[in-house]
$ cat run-v8.cif   # mmCIF, C-alpha atoms
data_run
loop_
_atom_site.label_atom_id
_atom_site.label_comp_id
_atom_site.auth_asym_id
_atom_site.auth_seq_id
_atom_site.Cartn_x
_atom_site.Cartn_y
_atom_site.Cartn_z
CA MET H 9 93.90 124.77 124.17
CA LYS H 10 96.66 126.86 125.74
CA ILE H 11 98.65 125.09 128.44
CA GLN H 12 101.87 125.56 130.43
CA ALA H 13 104.72 123.19 129.63
CA ALA H 14 108.42 122.79 130.43
CA VAL H 15 109.97 123.15 126.98
CA SER H 16 113.40 121.76 126.09
CA HIS H 17 114.85 124.00 123.36
CA GLY H 18 118.34 122.61 122.80
CA VAL H 19 121.16 120.34 123.93
CA GLY H 20 122.07 120.96 127.56
CA GLU H 21 119.69 123.89 127.99
CA GLN H 22 117.57 124.18 131.11
CA LEU H 23 113.85 123.61 130.70
CA LYS H 24 111.68 126.72 130.38
CA ILE H 25 108.05 126.80 131.53
CA GLU H 26 106.22 128.44 128.65
CA GLU H 27 102.81 128.62 127.02
CA VAL H 28 102.15 126.14 124.21
CA GLU H 29 99.10 125.08 122.23
CA LEU H 30 97.75 121.54 122.75
CA ALA H 31 95.42 120.06 120.13
CA GLU H 32 92.19 118.27 121.00
CA PRO H 33 92.41 114.47 121.43
CA GLY H 34 91.74 112.27 118.42
CA ALA H 35 89.43 109.26 118.32
CA ASP H 36 91.81 106.92 120.19
CA GLU H 37 93.24 109.57 122.49
CA VAL H 38 92.59 111.00 125.92
CA LEU H 39 93.04 114.47 127.42
CA ILE H 40 94.54 114.31 130.92
CA LYS H 41 95.04 117.03 133.52
CA ILE H 42 98.51 116.24 134.83
CA VAL H 43 98.81 116.15 138.62
CA ALA H 44 102.48 115.13 138.88
CA THR H 45 105.27 113.63 136.80
CA GLY H 46 108.39 111.70 137.76
CA VAL H 47 111.83 112.78 136.57
CA CYS H 48 113.71 109.91 134.92
CA HIS H 49 117.23 109.43 133.58
CA THR H 50 115.74 109.06 130.10
CA ASP H 51 114.44 112.65 130.31
CA ALA H 52 117.97 113.81 131.15
CA GLU H 53 119.37 111.84 128.22
CA SER H 54 116.90 113.60 125.92
CA ILE H 55 118.01 117.01 127.19
CA ASN H 56 121.53 115.94 126.29
CA GLY H 57 120.43 115.29 122.72
CA ARG H 58 119.73 111.56 122.85
CA GLY H 59 115.95 111.69 122.60
CA ALA H 60 113.15 113.52 120.80
CA PRO H 61 114.00 116.32 118.32
CA PHE H 62 114.10 119.86 119.73
CA PRO H 63 112.05 121.75 120.71
CA ALA H 64 110.33 119.15 122.86
CA VAL H 65 108.10 118.80 125.88
CA LEU H 66 109.59 115.93 127.87
CA GLY H 67 108.10 113.95 130.77
CA HIS H 68 107.12 110.30 130.54
CA GLU H 69 106.07 109.32 134.08
CA GLY H 70 102.84 111.28 134.24
CA ALA H 71 99.85 110.82 136.52
CA GLY H 72 96.61 112.73 136.25
CA ILE H 73 92.86 112.90 135.87
CA VAL H 74 91.01 112.27 132.62
CA GLU H 75 89.12 115.29 131.30
CA LYS H 76 88.02 114.13 127.85
CA VAL H 77 88.11 110.91 125.81
CA GLY H 78 87.96 110.34 122.07
CA SER H 79 85.12 108.50 120.34
CA GLY H 80 87.17 105.29 120.07
CA VAL H 81 88.03 105.08 123.77
CA THR H 82 85.68 102.84 125.75
CA SER H 83 87.62 101.62 128.81
CA ILE H 84 88.45 105.06 130.21
CA GLN H 85 86.11 107.90 131.12
CA SER H 86 86.20 111.45 132.38
CA GLY H 87 87.19 111.63 136.05
CA ASP H 88 89.31 108.46 136.04
CA HIS H 89 92.68 108.57 137.76
CA VAL H 90 95.40 107.36 135.40
CA VAL H 91 99.13 106.72 135.15
CA LEU H 92 100.86 107.25 131.79
CA SER H 93 103.49 104.82 130.55
CA TYR H 94 105.40 104.13 127.33
CA ALA H 95 103.84 104.20 123.86
CA TYR H 96 103.30 101.11 121.72
CA CYS H 97 101.33 100.36 118.56
CA GLY H 98 99.31 97.36 119.78
CA GLU H 99 99.33 95.86 116.29
CA CYS H 100 102.80 94.45 115.50
CA GLY H 101 103.94 90.89 116.21
CA GLN H 102 105.65 91.90 119.44
CA CYS H 103 102.59 93.71 120.80
CA LEU H 104 100.21 90.92 119.82
CA THR H 105 102.31 88.35 121.70
CA GLY H 106 102.42 90.38 124.94
CA HIS H 107 105.76 92.10 124.38
CA GLN H 108 104.59 95.69 124.04
CA ASN H 109 107.86 96.85 125.60
CA LEU H 110 109.60 95.62 122.42
CA CYS H 111 107.05 97.07 119.99
CA GLU H 112 108.47 97.30 116.49
CA ARG H 113 107.59 101.02 116.49
CA THR H 114 109.13 101.76 119.91
CA VAL H 115 111.74 104.26 118.72
CA GLU H 116 109.29 106.05 116.46
CA LEU H 117 106.45 106.30 118.98
CA ASN H 118 108.54 107.19 122.04
CA PHE H 119 111.41 109.23 120.62
CA GLY H 120 110.25 110.33 117.16
CA GLY H 121 108.47 113.44 118.45
CA LYS H 122 105.13 112.85 116.73
CA SER H 123 101.85 111.23 117.60
CA ARG H 124 100.90 107.82 116.28
CA ASP H 125 99.26 109.30 113.16
CA GLY H 126 102.43 111.25 112.30
CA SER H 127 101.15 114.67 113.33
CA ASN H 128 102.10 116.95 116.21
CA ARG H 129 99.71 117.65 119.10
CA ILE H 130 101.85 120.45 120.55
CA HIS H 131 102.73 123.75 118.85
CA GLN H 132 104.39 127.00 119.87
CA HIS H 133 104.43 130.14 117.73
CA ASP H 134 103.19 128.06 114.77
CA GLN H 135 106.16 125.69 115.20
CA SER H 136 105.73 121.99 115.90
CA VAL H 137 106.98 120.82 119.30
CA SER H 138 108.02 117.19 119.82
CA THR H 139 106.01 114.84 121.99
CA PHE H 140 107.95 112.47 124.27
CA PHE H 141 106.91 108.85 124.93
CA GLY H 142 103.52 109.72 123.45
CA GLN H 143 102.61 111.83 126.50
CA SER H 144 104.88 114.86 127.20
CA SER H 145 103.75 115.08 130.80
CA PHE H 146 105.97 117.97 131.95
CA ALA H 147 102.89 120.06 131.29
CA THR H 148 99.58 121.04 132.83
CA TYR H 149 97.71 118.87 130.31
CA SER H 150 98.62 115.95 128.07
CA VAL H 151 97.02 114.21 125.10
CA ALA H 152 97.95 110.53 124.94
CA ASN H 153 96.87 107.45 123.02
CA LYS H 154 94.75 104.96 124.98
CA ASN H 155 97.65 102.47 124.85
CA ASN H 156 99.71 104.81 127.07
CA ILE H 157 97.09 104.89 129.80
CA VAL H 158 96.64 102.79 132.93
CA LYS H 159 93.55 103.32 135.06
CA VAL H 160 94.42 103.27 138.77
CA ASP H 161 92.64 103.24 142.14
CA LYS H 162 91.43 106.57 143.46
CA ASP H 163 92.30 105.73 147.08
CA VAL H 164 96.08 106.20 146.58
CA ASP H 165 97.78 109.62 146.32
CA LEU H 166 97.83 110.20 142.57
CA ALA H 167 100.87 112.49 142.76
CA LEU H 168 102.90 109.53 144.03
CA LEU H 169 102.04 107.15 141.20
CA GLY H 170 103.71 108.67 138.12
CA PRO H 171 107.12 106.96 138.58
CA LEU H 172 105.38 103.59 138.27
CA GLY H 173 105.11 104.29 134.54
CA CYS H 174 108.82 103.82 133.79
CA GLY H 175 111.67 103.63 136.32
CA ILE H 176 109.92 101.72 139.08
CA GLN H 177 108.18 99.52 136.54
CA THR H 178 111.55 98.77 134.96
CA GLY H 179 113.26 97.75 138.19
CA SER H 180 110.44 95.64 139.58
CA GLY H 181 109.49 94.16 136.22
CA THR H 182 113.03 93.03 135.49
CA VAL H 183 112.76 90.87 138.60
CA PHE H 184 109.14 89.72 138.26
CA ASN H 185 109.01 89.27 134.48
CA THR H 186 112.45 89.22 132.86
CA LEU H 187 114.37 87.07 135.34
CA SER H 188 111.51 85.41 137.30
CA PRO H 189 113.90 84.04 139.93
CA GLU H 190 112.88 81.08 142.02
CA PRO H 191 112.33 81.66 145.76
CA GLY H 192 115.49 80.88 147.70
CA THR H 193 117.90 81.85 144.90
CA SER H 194 120.29 84.80 144.92
CA ILE H 195 120.45 88.12 143.08
CA ALA H 196 122.98 90.96 142.83
CA ILE H 197 121.64 94.42 142.01
CA TYR H 198 124.20 96.90 140.72
CA GLY H 199 123.16 100.49 141.45
CA GLY H 200 121.01 101.69 144.33
CA GLY H 201 118.96 104.26 142.47
CA ALA H 202 115.20 104.12 141.97
CA VAL H 203 115.44 101.29 139.42
CA GLY H 204 117.76 99.19 141.56
CA LEU H 205 115.82 99.71 144.79
CA SER H 206 112.57 98.83 143.02
CA ALA H 207 114.27 95.56 142.08
CA VAL H 208 115.19 95.05 145.74
CA MET H 209 111.56 95.36 146.82
CA ALA H 210 110.43 92.94 144.11
CA ALA H 211 113.11 90.41 145.09
CA LYS H 212 111.98 90.58 148.70
CA ILE H 213 108.37 89.90 147.67
CA ILE H 214 109.46 86.78 145.79
CA GLY H 215 111.51 85.58 148.74
CA LEU H 216 115.08 85.37 147.50
CA LYS H 217 117.72 84.09 149.91
CA ASN H 218 120.45 86.61 149.05
CA ILE H 219 119.60 90.11 147.81
CA ILE H 220 122.94 91.88 147.36
CA VAL H 221 123.06 95.58 146.44
CA ILE H 222 126.22 97.26 145.17
CA ASP H 223 126.61 101.04 145.16
CA LEU H 224 129.17 103.75 145.98
CA HIS H 225 126.95 105.80 148.31
CA GLN H 226 126.33 104.66 151.88
CA ASN H 227 122.92 106.35 152.16
CA ARG H 228 121.66 104.30 149.24
CA LEU H 229 123.10 101.12 150.70
CA ASP H 230 121.41 101.87 154.04
CA LEU H 231 118.06 102.37 152.32
CA ALA H 232 118.57 99.14 150.35
CA MET H 233 118.89 97.24 153.61
CA GLU H 234 115.76 98.91 154.94
CA LEU H 235 113.84 97.88 151.82
CA GLY H 236 114.85 94.22 151.92
CA ALA H 237 118.45 93.73 150.84
CA THR H 238 120.33 91.06 152.79
CA HIS H 239 123.78 92.47 151.98
CA ALA H 240 125.03 95.91 150.91
CA LEU H 241 128.48 96.29 149.31
CA ASN H 242 130.30 99.56 148.76
CA GLY H 243 132.16 99.19 145.48
CA LYS H 244 134.89 101.60 146.65
CA GLU H 245 135.72 99.52 149.71
CA VAL H 246 135.58 95.84 148.70
CA ASP H 247 136.34 93.48 145.84
CA VAL H 248 132.75 93.09 144.71
CA VAL H 249 133.17 89.84 142.79
CA GLU H 250 135.12 88.20 145.59
CA GLU H 251 132.60 89.29 148.24
CA ILE H 252 129.60 88.08 146.23
CA LYS H 253 131.18 84.67 145.67
CA LYS H 254 131.96 84.46 149.37
CA ILE H 255 128.39 85.35 150.38
CA THR H 256 126.75 82.97 147.93
CA GLY H 257 129.23 80.13 147.81
CA GLY H 258 130.20 80.55 144.19
CA GLY H 259 128.25 83.43 142.69
CA VAL H 260 124.70 84.69 142.24
CA HIS H 261 122.03 82.99 140.17
CA TYR H 262 120.78 86.33 138.83
CA ALA H 263 121.93 89.93 138.50
CA ILE H 264 120.53 93.28 137.37
CA GLU H 265 122.91 95.95 136.09
CA THR H 266 121.40 99.46 136.24
CA THR H 267 124.43 101.75 136.00
CA GLY H 268 125.55 101.34 132.39
CA ALA H 269 129.18 101.66 133.56
CA THR H 270 131.49 99.30 131.63
CA PRO H 271 133.51 98.07 134.67
CA VAL H 272 130.29 97.35 136.55
CA ILE H 273 128.81 95.42 133.64
CA ILE H 274 131.92 93.23 133.62
CA GLN H 275 131.66 92.74 137.40
CA SER H 276 128.05 91.68 137.03
CA ILE H 277 129.07 88.91 134.62
CA HIS H 278 132.10 87.74 136.61
CA ALA H 279 130.08 87.47 139.84
CA LEU H 280 127.52 85.08 138.32
CA ARG H 281 127.63 81.41 139.20
CA VAL H 282 127.71 78.77 136.48
CA SER H 283 124.63 79.18 134.20
CA GLY H 284 123.74 82.47 135.91
CA THR H 285 121.86 85.29 134.15
CA VAL H 286 122.38 89.05 134.18
CA ALA H 287 119.79 91.51 132.85
CA ILE H 288 121.31 94.75 131.58
CA VAL H 289 119.03 97.73 132.24
CA GLY H 290 121.44 100.68 132.32
CA MET H 291 122.29 102.59 129.14
CA GLY H 292 125.98 101.84 128.56
CA GLY H 293 128.65 101.75 125.87
CA ASN H 294 131.26 99.35 124.58
CA VAL H 295 132.23 96.37 126.75
CA GLN H 296 135.20 94.10 125.97
CA LEU H 297 134.89 90.48 127.11
CA ASN H 298 136.60 87.20 126.49
CA PHE H 299 133.51 85.46 125.21
CA THR H 300 134.83 81.93 125.74
CA ASN H 301 136.00 82.42 129.32
CA ASP H 302 133.39 84.94 130.49
CA ILE H 303 130.26 83.53 128.84
CA LEU H 304 130.55 80.30 126.89
CA MET H 305 132.42 77.94 129.20
CA GLU H 306 130.17 78.60 132.18
CA GLY H 307 126.93 78.86 130.21
CA LYS H 308 126.19 82.37 131.44
CA LYS H 309 123.46 84.49 129.90
CA VAL H 310 123.56 88.25 129.30
CA MET H 311 120.31 89.87 128.22
CA GLY H 312 118.85 93.31 127.72
CA ALA H 313 115.71 94.29 129.61
CA VAL H 314 113.39 97.10 128.48
CA GLN H 315 110.62 98.40 130.74
CA GLY H 316 110.93 95.23 132.80
CA ASP H 317 109.11 93.26 130.07
CA SER H 318 105.96 94.74 131.60
CA VAL H 319 102.50 95.27 130.18
CA PRO H 320 101.74 98.51 132.04
CA GLN H 321 97.99 97.89 132.27
CA LEU H 322 98.73 94.66 134.19
CA HIS H 323 101.96 95.46 136.01
CA ILE H 324 101.21 98.91 137.46
CA PRO H 325 97.96 97.89 139.25
CA LYS H 326 99.88 94.94 140.74
CA LEU H 327 102.52 97.31 142.13
CA ILE H 328 99.85 99.56 143.59
CA GLN H 329 98.24 96.60 145.34
CA TYR H 330 101.62 95.58 146.79
CA TYR H 331 102.07 99.17 147.96
CA LYS H 332 98.67 99.18 149.67
CA GLU H 333 99.62 95.92 151.41
CA GLY H 334 102.87 97.46 152.69
CA LYS H 335 105.04 95.16 150.55
CA PHE H 336 106.30 97.71 148.03
CA PRO H 337 107.00 101.03 149.85
CA PHE H 338 108.26 102.94 146.83
CA ASP H 339 107.18 106.20 148.46
CA LYS H 340 110.47 106.03 150.41
CA LEU H 341 112.29 106.80 147.15
CA VAL H 342 110.30 109.93 146.27
CA LYS H 343 110.91 113.62 146.87
CA PHE H 344 108.40 116.19 145.58
CA TYR H 345 109.24 119.45 143.77
CA ASP H 346 107.06 122.34 142.58
CA PHE H 347 106.69 122.70 138.81
CA GLU H 348 108.76 125.90 138.76
CA ASP H 349 111.60 123.99 140.43
CA ILE H 350 111.82 121.33 137.72
CA ASN H 351 115.44 122.17 136.85
CA THR H 352 116.39 121.75 140.50
CA ALA H 353 114.74 118.32 140.42
CA PHE H 354 116.94 117.35 137.46
CA GLU H 355 120.08 118.64 139.14
CA GLU H 356 119.39 116.88 142.44
CA SER H 357 118.67 113.67 140.59
CA LYS H 358 121.97 113.97 138.71
CA THR H 359 124.00 114.59 141.88
CA GLY H 360 122.25 111.82 143.81
CA VAL H 361 120.61 114.11 146.36
CA THR H 362 117.26 112.63 145.36
CA LEU H 363 116.53 109.08 144.25
CA LYS H 364 113.24 109.75 142.47
CA PRO H 365 112.16 113.36 141.98
CA VAL H 366 108.47 113.93 141.31
CA VAL H 367 107.28 117.31 140.02
CA ARG H 368 103.87 118.44 141.30
CA ILE H 369 102.05 120.23 138.51
CA ALA H 370 98.43 120.56 139.75
CA LYS H 371 98.99 121.93 143.27
CA SER H 372 95.33 121.96 144.25
CA ILE H 373 94.91 118.17 144.01
#
$ encode --input "run-v8.cif" --output "C-alpha cells"
Amino acid sequence: MKIQAAVSHGVGEQLKIEEVELAEPGADEVLIKIVATGVCHTDAESINGRGAPFPAVLGHEGAGIVEKVGSGVTSIQSGDHVVLSYAYCGECGQCLTGHQNLCERTVELNFGGKSRDGSNRIHQHDQSVSTFFGQSSFATYSVANKNNIVKVDKDVDLALLGPLGCGIQTGSGTVFNTLSPEPGTSIAIYGGGAVGLSAVMAAKIIGLKNIIVIDLHQNRLDLAMELGATHALNGKEVDVVEEIKKITGGGVHYAIETTGATPVIIQSIHALRVSGTVAIVGMGGNVQLNFTNDILMEGKKVMGAVQGDSVPQLHIPKLIQYYKEGKFPFDKLVKFYDFEDINTAFEESKTGVTLKPVVRIAKSI
C-alpha cells in the first residue's frame, strides 16, 4: 500500500515527507494506522549517522489503531489502540528470562534496517528503505511485529501515549526496575529532559526522601520541582557534588545520569555515598576515572540501563494507570506538532524549547 512517510536520506539531512510503498503484514505482524509519534534523541542520533542505514523511515515512539493482523497474532485485533515500543526476538536467553531490553538481537532488530525475517517492508522507487526499531512510525501506517506492540486503554488520548514506548519508559523504568530504591532513600537525577523528569515522577511514586535534579536550565528545574523533586540544582551556579553531600549527609544512595556528558558522569559517581549505585542512561563517550579511589574503596556500582529494564507489555499499562490516577502527569512534558512540521519538532527538541515533541500524524483522531 502507498503511504506517506518522513524519509531520512543522508547524514544531517532534514526529513522529507514522501510517498513510499509499505508491504502487507506477515503472519506475526500487525498493520497500524499511526495517530502520533514521539520524537526521541535516538531518532536524532540516527539522522546523524548513528542508526539505521540510509534511506530510512525513523520514528520509534508510535501510537495508533490496529487495522489488520497476521494469521499468527491472537492477542491483538482490528480496532485496538496500541503503543509501539522496541523490537526483540522473544526467543534468546535474555528474552526468555524477562530481559527483552537486552535481547541478543537488539542491534540487528532495532538498528539493522530490516524486519525480523531479514526482508524490507518499506520501498521507494524499487529501492529498499530501512525500518527503525521494527516500526518506522514517522509515517501514516506502520507494519510491526507483535512483540513491538502494547495494547492500551481506549479512554486515554492515544496521541499522548507514544512517548511511553521509549524515553518515558526509560526514565521511569530505570527507577522502578533497574535501581528499585527503597522508600526513604535518596536519588540524584542528572538532566531534566523527558527521561530525567520521568525518573522524578517515578521516584515520587516510590516515596524517596531526597529527589535531587541537576540541570543547567531554570525552566526545567522549576518543572522538576512541580513534578516531585525535593531539590533542584543549577550546575552552572553551585558545586553539585558538595551540595548533594550537604543535602543528604554524605551522598545519595542512587543516581541516574541521562546527559552522556563526561564531566556529569564523573559528578554522578563522586556524589554517591558509600556503596551507592549510579545507572548510566545517556549515550556518552570516554570517561577517565581512578578506579581504586572512585569505585573500589567505597564499593560504588556503575551500571548501564537500557529501556529501563522494562517489559513494555507490563510497564506501559502501569504508567498509564498511574497517569489516570494523577500520579504520573507526563502530559506536562509534551508539545504537539503537525506532521509537516516534523523538522521543527527536531530542532526545538535539540535547542531545549520542547522537552518531548510529539508529531500528530492522523489529524482526524
$ atom_distance --input "run-v8.cif" --atom1 "atom CA of Gly78 of chain H" --atom2 "atom CA of Ala167 of chain H"
24.5 Å
$ resolve_selection --input "run-v8.cif" --expression "the PyMOL selection byres ((chain H and resi 138) around 8)" --output "list in words"
Ala60, Pro61, Phe62, Pro63, Ala64, Val65, Gly120, Gly121, Lys122, Asn128, Ile130, Ser136, Val137, Thr139 and Phe140 of chain H
$ atom_distance --input "run-v8.cif" --atom1 "atom CA of Asn242 of chain H" --atom2 "atom CA of Leu280 of chain H"
18.1 Å
$ resolve_selection --input "run-v8.cif" --expression "the PyMOL selection byres ((chain H and resi 337-348) around 6)" --output "tab-separated table (two decimals) with C-alpha atoms, in the frame of the given file"
chain	number	residue	atom	x	y	z
H	331	TYR	CA	102.07	99.17	147.96
H	336	PHE	CA	106.30	97.71	148.03
H	349	ASP	CA	111.60	123.99	140.43
H	350	ILE	CA	111.82	121.33	137.72
H	363	LEU	CA	116.53	109.08	144.25
H	364	LYS	CA	113.24	109.75	142.47
H	365	PRO	CA	112.16	113.36	141.98
H	366	VAL	CA	108.47	113.93	141.31
H	367	VAL	CA	107.28	117.31	140.02
H	368	ARG	CA	103.87	118.44	141.30
H	369	ILE	CA	102.05	120.23	138.51
$ residues_near_point --input "run-v8.cif" --point "(106.0, 112.9, 129.5)" --cutoff "6 Å" --atoms "all atoms listed in the file" --output "MDAnalysis selection string"
chainID H and resid 66:70 140 143:146
$ closest_residue --input "run-v8.cif" --among "H:Val319, H:Gly199, H:Asn218, H:Lys308" --to "Ala269 of chain H" --atoms "only C-alpha atoms"
H:Gly199
$ residues_around --input "run-v8.cif" --residues "Leu187 of chain H" --least-positions-apart "3" --cutoff "10 Å" --atoms "all atoms listed in the file" --output "JSON, numbers by chain"
{"H": [181, 182, 183, 184, 190, 195, 261, 262, 263, 264, 285, 286, 287, 311, 313, 316, 317]}
$ closest_residue --input "run-v8.cif" --among "H:Glu32, H:Glu265, H:Asp125, H:Glu306" --to "Met291 of chain H" --atoms "all atoms listed in the file"
H:Glu265
$ resolve_selection --input "run-v8.cif" --expression "the PyMOL selection byres ((chain H and resi 161) around 10)" --output "ChimeraX atom specification"
/H:88-90,159-160,162-166,325,328-329
$ atom_distance --input "run-v8.cif" --atom1 "atom CA of Ile277 of chain H" --atom2 "atom CA of Lys309 of chain H"
8.6 Å
$ residues_around --input "run-v8.cif" --residues "segment 245-250 of chain H" --least-positions-apart "4" --cutoff "8 Å" --atoms "only C-alpha atoms" --output "ChimeraX atom specification"
/H:222,241,254,275-276,278-279
$ closest_residue --input "run-v8.cif" --among "H:Ala240, H:Val158, H:Val203, H:Val15" --to "Gln321 of chain H" --atoms "all atoms listed in the file"
H:Val158
$ residues_around --input "run-v8.cif" --residues "Leu30 of chain H" --least-positions-apart "6" --cutoff "10 Å" --atoms "all atoms listed in the file" --output "ChimeraX atom specification"
/H:9-13,39,128-132,137,149-151
$ closest_residue --input "run-v8.cif" --among "H:Ala207, H:Ala52, H:Val115, H:Leu216" --to "Glu21 of chain H" --atoms "only C-alpha atoms"
H:Ala52
$ closest_residue --input "run-v8.cif" --among "H:Glu234, H:Ser188, H:Val208, H:Ala196" --to "Ile220 of chain H" --atoms "all atoms listed in the file"
H:Ala196
